[in-house]
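Asker: Provided below: protein_5.txt, containing compact mmCIF, C-alpha atoms.
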```txt
# COMPACT_ATOMS: atom_id res chain seq x y z
CA MET I 1 -2.29 -31.21 14.45
CA SER I 2 0.00 -28.74 12.63
CA HIS I 3 -1.09 -25.13 13.11
CA THR I 4 0.92 -23.82 10.13
CA PRO I 5 -1.82 -24.19 7.45
CA PHE I 6 -4.30 -22.31 9.66
CA ILE I 7 -1.80 -19.50 10.33
CA MET I 8 -0.83 -19.27 6.64
CA ALA I 9 -4.47 -19.26 5.53
CA SER I 10 -5.32 -16.53 8.07
CA TYR I 11 -2.53 -14.24 6.89
CA LEU I 12 -3.13 -14.88 3.17
CA ILE I 13 -6.89 -14.31 3.38
CA SER I 14 -6.43 -11.17 5.49
CA ALA I 15 -3.86 -9.80 3.04
CA ALA I 16 -6.20 -10.52 0.12
CA VAL I 17 -9.16 -8.77 1.82
CA LEU I 18 -7.07 -5.75 2.84
CA LEU I 19 -5.50 -5.44 -0.63
CA TRP I 20 -8.90 -5.70 -2.30
CA ALA I 21 -10.36 -3.02 -0.01
CA ALA I 22 -7.32 -0.77 -0.56
CA PHE I 23 -7.19 -1.07 -4.35
CA ALA I 24 -10.94 -0.84 -5.04
CA PRO I 25 -11.03 2.99 -4.70
CA VAL I 26 -7.79 3.32 -6.72
CA VAL I 27 -9.22 1.29 -9.63
CA ASN I 28 -12.55 3.18 -9.45
CA LYS I 29 -10.73 6.52 -9.38
CA HIS I 30 -8.81 5.63 -12.56
CA SER I 31 -11.99 4.76 -14.45
CA LEU I 32 -13.76 7.88 -13.12
CA ASP I 33 -10.79 10.07 -14.16
CA LYS I 34 -10.97 8.59 -17.67
CA GLN I 35 -14.73 9.24 -17.88
CA LEU I 36 -14.42 12.81 -16.61
CA LYS I 37 -11.51 13.63 -18.92
CA ALA I 38 -13.36 12.17 -21.92
CA ARG I 39 -16.40 14.27 -21.05
CA GLN I 40 -14.20 17.33 -20.63
CA LYS I 41 -12.67 16.82 -24.08
CA HIS I 42 -16.12 16.35 -25.57
CA MET I 43 -17.33 19.62 -23.99
CA ASP I 44 -14.19 21.48 -25.13
CA LYS I 45 -14.77 20.29 -28.70
CA LYS I 46 -18.39 21.47 -28.55
CA GLN I 47 -17.28 24.93 -27.48
CA MET T 1 -12.53 32.48 15.04
CA ASN T 2 -9.83 30.32 16.62
CA ARG T 3 -7.64 27.99 14.53
CA PHE T 4 -9.47 24.82 15.55
CA MET T 5 -12.89 26.19 14.60
CA LEU T 6 -11.45 27.49 11.34
CA PHE T 7 -10.06 24.02 10.57
CA PHE T 8 -13.42 22.45 11.49
CA HIS T 9 -15.30 24.79 9.15
CA LYS T 10 -12.79 24.21 6.35
CA THR T 11 -13.32 20.43 6.50
CA GLY T 12 -16.93 21.08 5.47
CA SER T 13 -15.78 22.35 2.09
CA PRO T 14 -15.50 19.48 -0.47
CA PRO T 15 -12.62 21.02 -2.51
CA TRP T 16 -10.63 21.78 0.64
CA PHE T 17 -11.33 18.32 2.08
CA TYR T 18 -10.36 16.67 -1.22
CA ARG T 19 -6.95 18.40 -1.28
CA PHE T 20 -6.29 17.96 2.45
CA ALA T 21 -7.14 14.24 2.31
CA GLY T 22 -4.94 13.85 -0.77
CA LYS T 23 -1.95 15.17 1.19
CA LEU T 24 -2.70 13.02 4.26
CA ILE T 25 -3.27 9.66 2.53
CA PRO T 26 0.38 8.85 1.57
CA TRP T 27 1.52 9.49 5.17
CA LEU T 28 -1.18 7.22 6.52
CA TRP T 29 -0.10 4.44 4.15
CA VAL T 30 3.53 4.89 5.24
CA GLY T 31 2.46 4.67 8.91
CA PHE T 32 0.46 1.54 8.15
CA ALA T 33 3.35 -0.12 6.29
CA VAL T 34 5.95 0.63 9.00
CA LEU T 35 3.71 -0.42 11.90
CA THR T 36 2.52 -3.58 10.11
CA ALA T 37 6.08 -4.63 9.23
CA THR T 38 7.23 -4.09 12.83
CA GLY T 39 4.13 -5.69 14.37
CA LEU T 40 4.27 -8.75 12.11
CA TYR T 41 8.01 -9.22 12.67
CA MET T 42 7.50 -9.11 16.44
CA GLY T 43 4.39 -11.29 16.30
CA LEU T 44 5.67 -13.93 13.91
CA PHE T 45 9.38 -14.13 14.84
CA LEU T 46 9.99 -12.67 18.30
CA ALA T 47 6.85 -13.54 20.30
CA PRO T 48 6.84 -17.03 21.85
CA PRO T 49 4.10 -19.62 21.20
CA ASP T 50 1.32 -19.66 23.80
CA TYR T 51 1.44 -22.35 26.48
CA GLN T 52 -2.13 -23.44 25.66
CA GLN T 53 -2.80 -22.30 22.08
CA GLY T 54 0.67 -23.11 20.74
CA GLU T 55 1.65 -21.51 17.42
CA SER T 56 -1.98 -20.71 16.54
CA VAL T 57 -1.73 -17.71 18.89
CA ARG T 58 -0.04 -15.91 15.95
CA ILE T 59 -3.48 -15.66 14.32
CA MET T 60 -4.47 -13.42 17.25
CA TYR T 61 -2.21 -10.62 15.94
CA LEU T 62 -4.68 -10.28 13.07
CA HIS T 63 -7.91 -11.48 14.66
CA VAL T 64 -8.02 -9.26 17.74
CA PRO T 65 -7.08 -5.94 16.02
CA ALA T 66 -9.51 -6.73 13.16
CA ALA T 67 -12.33 -7.45 15.64
CA TRP T 68 -11.58 -4.19 17.48
CA MET T 69 -11.61 -2.32 14.16
CA SER T 70 -14.92 -3.87 13.12
CA MET T 71 -16.56 -2.46 16.24
CA MET T 72 -14.69 0.85 16.27
CA ILE T 73 -15.58 1.63 12.65
CA TYR T 74 -19.26 0.87 13.24
CA GLY T 75 -19.19 3.13 16.29
CA MET T 76 -17.57 5.87 14.19
CA MET T 77 -20.23 5.37 11.51
CA ALA T 78 -22.99 5.81 14.08
CA VAL T 79 -21.40 9.00 15.48
CA MET T 80 -20.69 10.46 12.02
CA GLY T 81 -24.17 9.41 10.86
CA PHE T 82 -25.68 11.22 13.84
CA ILE T 83 -23.70 14.40 13.04
CA ALA T 84 -24.71 14.09 9.37
CA LEU T 85 -28.39 13.76 10.27
CA VAL T 86 -28.49 16.54 12.86
CA TRP T 87 -26.23 19.16 11.26
CA ARG T 88 -26.60 18.04 7.61
CA ILE T 89 -22.85 18.13 6.99
CA ARG T 90 -22.26 16.49 3.60
CA ILE T 91 -18.66 15.44 4.34
CA MET T 92 -19.98 13.48 7.34
CA GLU T 93 -22.52 11.72 5.10
CA VAL T 94 -19.70 10.82 2.71
CA LEU T 95 -17.45 9.61 5.56
CA THR T 96 -20.28 7.52 7.07
CA ILE T 97 -21.00 5.60 3.89
CA SER T 98 -17.31 5.37 2.91
CA SER T 99 -16.56 3.69 6.26
CA ALA T 100 -18.95 0.80 5.64
CA PRO T 101 -16.87 -1.26 3.13
CA VAL T 102 -13.72 -0.86 5.26
CA GLY T 103 -15.61 -1.94 8.38
CA ALA T 104 -17.09 -4.89 6.49
CA ALA T 105 -13.58 -5.93 5.35
CA PHE T 106 -12.32 -5.95 8.96
CA THR T 107 -15.40 -7.89 10.11
CA ILE T 108 -14.79 -10.51 7.40
CA ILE T 109 -11.14 -10.79 8.54
CA ALA T 110 -12.20 -11.11 12.21
CA LEU T 111 -14.73 -13.84 11.37
CA ILE T 112 -12.45 -15.85 9.05
CA THR T 113 -9.32 -15.65 11.22
CA GLY T 114 -11.41 -16.46 14.29
CA SER T 115 -12.79 -19.48 12.51
CA LEU T 116 -9.31 -20.61 11.42
CA TRP T 117 -8.05 -20.17 14.99
CA GLY T 118 -11.06 -22.05 16.39
CA ARG T 119 -10.43 -25.23 14.40
CA PRO T 120 -7.09 -26.21 16.05
CA THR T 121 -7.99 -24.66 19.43
CA TRP T 122 -11.67 -25.48 19.97
CA GLY T 123 -11.90 -28.32 17.47
CA THR T 124 -14.50 -26.54 15.31
CA TYR T 125 -14.61 -23.74 12.73
CA TRP T 126 -17.90 -22.32 13.96
CA VAL T 127 -20.35 -22.44 16.86
CA TRP T 128 -23.52 -20.39 17.24
CA ASP T 129 -22.00 -18.73 20.25
CA ALA T 130 -23.23 -15.27 21.36
CA ARG T 131 -19.93 -13.49 20.48
CA LEU T 132 -19.55 -15.14 17.07
CA THR T 133 -23.21 -14.69 16.17
CA SER T 134 -23.31 -11.01 17.19
CA GLU T 135 -20.14 -10.38 15.14
CA LEU T 136 -21.83 -12.06 12.16
CA VAL T 137 -24.85 -9.78 12.72
CA LEU T 138 -22.39 -6.84 12.57
CA LEU T 139 -21.29 -7.99 9.11
CA PHE T 140 -24.95 -8.13 8.02
CA LEU T 141 -25.43 -4.61 9.38
CA TYR T 142 -22.50 -3.34 7.33
CA ILE T 143 -23.91 -5.06 4.23
CA GLY T 144 -27.35 -3.59 5.05
CA VAL T 145 -25.95 -0.04 5.27
CA ILE T 146 -24.18 -0.44 1.90
CA ALA T 147 -27.26 -2.01 0.26
CA LEU T 148 -29.59 0.68 1.64
CA TYR T 149 -27.30 3.44 0.36
CA ASN T 150 -27.19 1.87 -3.11
CA ALA T 151 -30.98 1.47 -3.19
CA TYR T 152 -31.44 5.24 -3.63
CA ASP T 153 -30.63 7.32 -6.71
CA GLU T 154 -30.23 10.59 -4.85
CA PRO T 155 -26.95 10.45 -2.82
CA ARG T 156 -28.02 12.74 0.03
CA LYS T 157 -31.28 10.89 0.64
CA ALA T 158 -29.31 7.62 0.45
CA ALA T 159 -26.76 8.88 2.98
CA ARG T 160 -29.49 9.95 5.40
CA ALA T 161 -31.16 6.53 5.25
CA ALA T 162 -27.81 4.76 5.65
CA SER T 163 -26.88 7.05 8.58
CA LEU T 164 -30.14 6.21 10.32
CA MET T 165 -29.50 2.50 9.87
CA ALA T 166 -25.96 2.91 11.20
CA ILE T 167 -27.31 4.63 14.32
CA VAL T 168 -29.99 1.98 14.94
CA GLY T 169 -27.49 -0.84 14.33
CA ALA T 170 -25.14 0.54 16.97
CA VAL T 171 -27.28 -1.27 19.54
CA ASN T 172 -25.35 -4.39 18.48
CA LEU T 173 -22.01 -2.99 19.72
CA PRO T 174 -22.63 -3.42 23.48
CA ILE T 175 -24.15 -6.83 22.70
CA ILE T 176 -20.89 -7.91 21.00
CA HIS T 177 -18.75 -6.45 23.78
CA TYR T 178 -20.69 -7.87 26.73
CA SER T 179 -21.80 -11.12 25.07
CA VAL T 180 -19.01 -13.04 26.82
CA LEU T 181 -20.30 -11.77 30.20
CA TRP T 182 -24.06 -11.93 29.61
CA TRP T 183 -24.14 -15.44 28.15
CA ASN T 184 -22.26 -18.67 28.71
CA THR T 185 -20.02 -18.60 25.64
CA LEU T 186 -17.20 -20.67 24.19
CA HIS T 187 -15.41 -17.44 23.26
CA GLN T 188 -13.07 -16.34 26.06
CA GLY T 189 -13.50 -13.07 27.94
CA SER T 190 -11.45 -9.95 27.36
CA SER T 191 -7.75 -10.00 28.31
CA PHE T 192 -7.91 -6.26 28.86
CA SER T 193 -9.54 -4.54 31.83
CA ALA T 194 -9.39 -1.21 33.63
CA SER T 195 -6.61 -2.58 35.83
CA GLY T 196 -4.44 -3.52 32.82
CA SER T 197 -3.75 -6.50 30.59
CA SER T 198 -3.13 -10.13 31.45
CA ILE T 199 -1.03 -10.58 28.27
CA HIS T 200 2.75 -10.88 28.50
CA PRO T 201 4.54 -7.82 26.98
CA SER T 202 6.21 -10.02 24.32
CA MET T 203 2.72 -10.74 22.93
CA LEU T 204 1.06 -7.49 23.92
CA TRP T 205 3.35 -5.19 21.91
CA PRO T 206 2.84 -6.82 18.49
CA LEU T 207 -0.90 -6.89 19.21
CA LEU T 208 -0.98 -3.17 20.01
CA LEU T 209 1.23 -2.29 17.03
CA MET T 210 -1.10 -4.16 14.69
CA ALA T 211 -4.10 -2.44 16.28
CA ILE T 212 -2.54 0.99 15.60
CA ALA T 213 -1.48 -0.10 12.07
CA PHE T 214 -5.08 -1.04 11.27
CA LYS T 215 -6.20 2.43 12.37
CA PHE T 216 -3.78 3.97 9.87
CA TYR T 217 -5.17 1.60 7.22
CA TYR T 218 -8.71 2.70 8.05
CA GLY T 219 -7.73 6.37 7.82
CA ALA T 220 -6.01 5.98 4.44
CA ASN T 221 -8.71 3.78 2.94
CA LEU T 222 -11.57 5.90 4.29
CA LEU T 223 -10.10 9.12 2.91
CA SER T 224 -9.43 7.49 -0.50
CA ARG T 225 -13.03 6.32 -0.67
CA ALA T 226 -14.39 9.68 0.53
CA ARG T 227 -12.38 11.54 -2.14
CA LEU T 228 -13.71 9.23 -4.83
CA ARG T 229 -17.29 9.63 -3.62
CA LEU T 230 -16.97 13.42 -3.57
CA LEU T 231 -15.64 13.40 -7.15
CA LYS T 232 -18.56 11.22 -8.26
CA GLN T 233 -21.16 13.39 -6.52
CA ASP T 234 -19.66 16.71 -7.65
CA HIS T 235 -18.54 15.75 -11.16
CA ARG T 236 -20.60 18.58 -12.67
CA LYS T 237 -19.34 21.22 -10.24
CA ARG T 238 -16.78 23.88 -10.95
CA TRP T 239 -14.12 22.72 -8.46
CA VAL T 240 -13.96 19.28 -10.14
CA HIS T 241 -13.63 20.96 -13.52
CA GLU T 242 -10.79 23.13 -12.19
CA LEU T 243 -9.15 20.10 -10.65
CA LEU T 244 -9.24 18.26 -13.99
CA VAL T 245 -7.72 21.26 -15.73
CA GLN T 246 -4.96 21.41 -13.07
CA GLU T 247 -4.24 17.70 -13.37
CA SER T 248 -4.06 17.78 -17.17
CA GLU T 249 -1.62 20.73 -17.14
```
Give the structure from the file, written as structure tokens.

Answerer:
Amino acid sequence: MSHTPFIMASYLISAAVLLWAAFAPVVNKHSLDKQLKARQKHMDKKQ
Amino acid sequence: MNRFMLFFHKTGSPPWFYRFAGKLIPWLWVGFAVLTATGLYMGLFLAPPDYQQGESVRIMYLHVPAAWMSMMIYGMMAVMGFIALVWRIRIMEVLTISSAPVGAAFTIIALITGSLWGRPTWGTYWVWDARLTSELVLLFLYIGVIALYNAYDEPRKAARAASLMAIVGAVNLPIIHYSVLWWNTLHQGSSFSASGSSIHPSMLWPLLLMAIAFKFYYGANLLSRARLRLLKQDHRKRWVHELLVQESE
């Protein structure tokens, strides 16, 4: 039995999980920044 | 007040923590990248195949450090959760809950890579063995902590409940560790003991490098998540407003 597919799958899946976990806060931060800046603009206009 | 105590007290301030973590994160990512590149090069190209496992031993350079991380992070969560409950330090609450998704990610990696290693070595992807089952229970505990936190609207109440669950769930850690000794399991025992390691240095070094790399990853990811959570919780506070003004300038 060739071990290569099992090794490849292990590394690819691990990379995918680690990348997902690393980028999730970055993506969330971008959307939060947008929301906060939009709210800030709205408040500035009100004043 | 000495410098250490001053530093300790400063970490309790969300604006200070936010800025300090922001400076630390890029260095942690650099450390992770360098150590991972070195560890993977040694593990995939320099280390020899195992005399019994053959080439599939290369999965161990991911599986073992990920399994260690899954337990270490849960242990950290329990300790930080305890501090958060006893001394009501908000940063500790934030760090406890921010650790859970990272710990869950490492547990998923440990379970999947273990399963992919088991197929060519044991002849099966999964057995309801004490070590494998207790590691699966650890994943459910991580999911439970995240779900419990999200079940509350008020973040501090949520963090207290999640901290309590993290502390109670820590009972699973010795079960995972000693499962290979307490029960007759298919999973092999530890290759590390107080007297040293039974692993050849050509395999031991990439394993240790990957273990350290994963700690850098945890640090960087945890701080990124903690910063985000602080921003979300404090979005109506003055320091966030000032930060936004600074960033837009």

Asker: Write out as a list in words every residue belonging to chain I that has an atom at most 7 Å from any atom of chain T, counting all atoms listed in the file.

Answerer: His3, Phe6, Ile7, Ser10, Ser14, Val17, Leu18, Ala21, Ala22, Pro25 and Lys29 of chain I

Asker: Please put the answer as lines of an AutoDock Vina configuration file: centre and edge lengths, in Å with one decimal, of a box along x, y and z that encloses all listed atoms of range 89-105 of chain T plus 4 Å on each side.

Answerer:
```
center_x = -18.2
center_y = 6.1
center_z = 5.5
size_x = 17.3
size_y = 32.1
size_z = 13.7
```

Asker: Name the closest residue to Lys10 in chain T among the candidates T:Leu136, T:Leu141, T:Ile91, T:Ala78; distances are taken between atoms, counting all atoms listed in the file.

Answerer: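 For Lys10 in chain T, the nearest of the given residues is T:Ile91.
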
Asker: Could you jot down the CA of His187 in chain T to CA of Trp128 in chain T separation for me, Å, one decimal place?

Answerer: 10.5 Å

Asker: Figure out the distance between CA of Ser191 in chain T and CA of Tyr142 in chain T, please, to one decimal in Å.

Answerer: 26.5 Å

Asker: Rounded to one decimal, what separation in Å do you get between CA of Met80 in chain T and CA of Leu132 in chain T?

Answerer: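 Straight-line distance from CA of Met80 in chain T to CA of Leu132 in chain T works out to 26.1 Å.
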
Asker: Go ahead and find all residues with at least one atom no further than 10 Å from (-18.2, -3.1, 22.4) in the file's coordinates, using all atoms listed in the file; report them as a compact mmCIF listing (two decimals) with C-alpha atoms, keeping the file's coordinate frame.

Answerer:
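Resulting contents of out_8.txt:
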```
# COMPACT_ATOMS: atom_id res chain seq x y z
CA ALA T 67 -12.33 -7.45 15.64
CA TRP T 68 -11.58 -4.19 17.48
CA SER T 70 -14.92 -3.87 13.12
CA MET T 71 -16.56 -2.46 16.24
CA MET T 72 -14.69 0.85 16.27
CA GLY T 75 -19.19 3.13 16.29
CA ALA T 170 -25.14 0.54 16.97
CA VAL T 171 -27.28 -1.27 19.54
CA ASN T 172 -25.35 -4.39 18.48
CA LEU T 173 -22.01 -2.99 19.72
CA PRO T 174 -22.63 -3.42 23.48
CA ILE T 175 -24.15 -6.83 22.70
CA ILE T 176 -20.89 -7.91 21.00
CA HIS T 177 -18.75 -6.45 23.78
CA TYR T 178 -20.69 -7.87 26.73
CA SER T 179 -21.80 -11.12 25.07
```
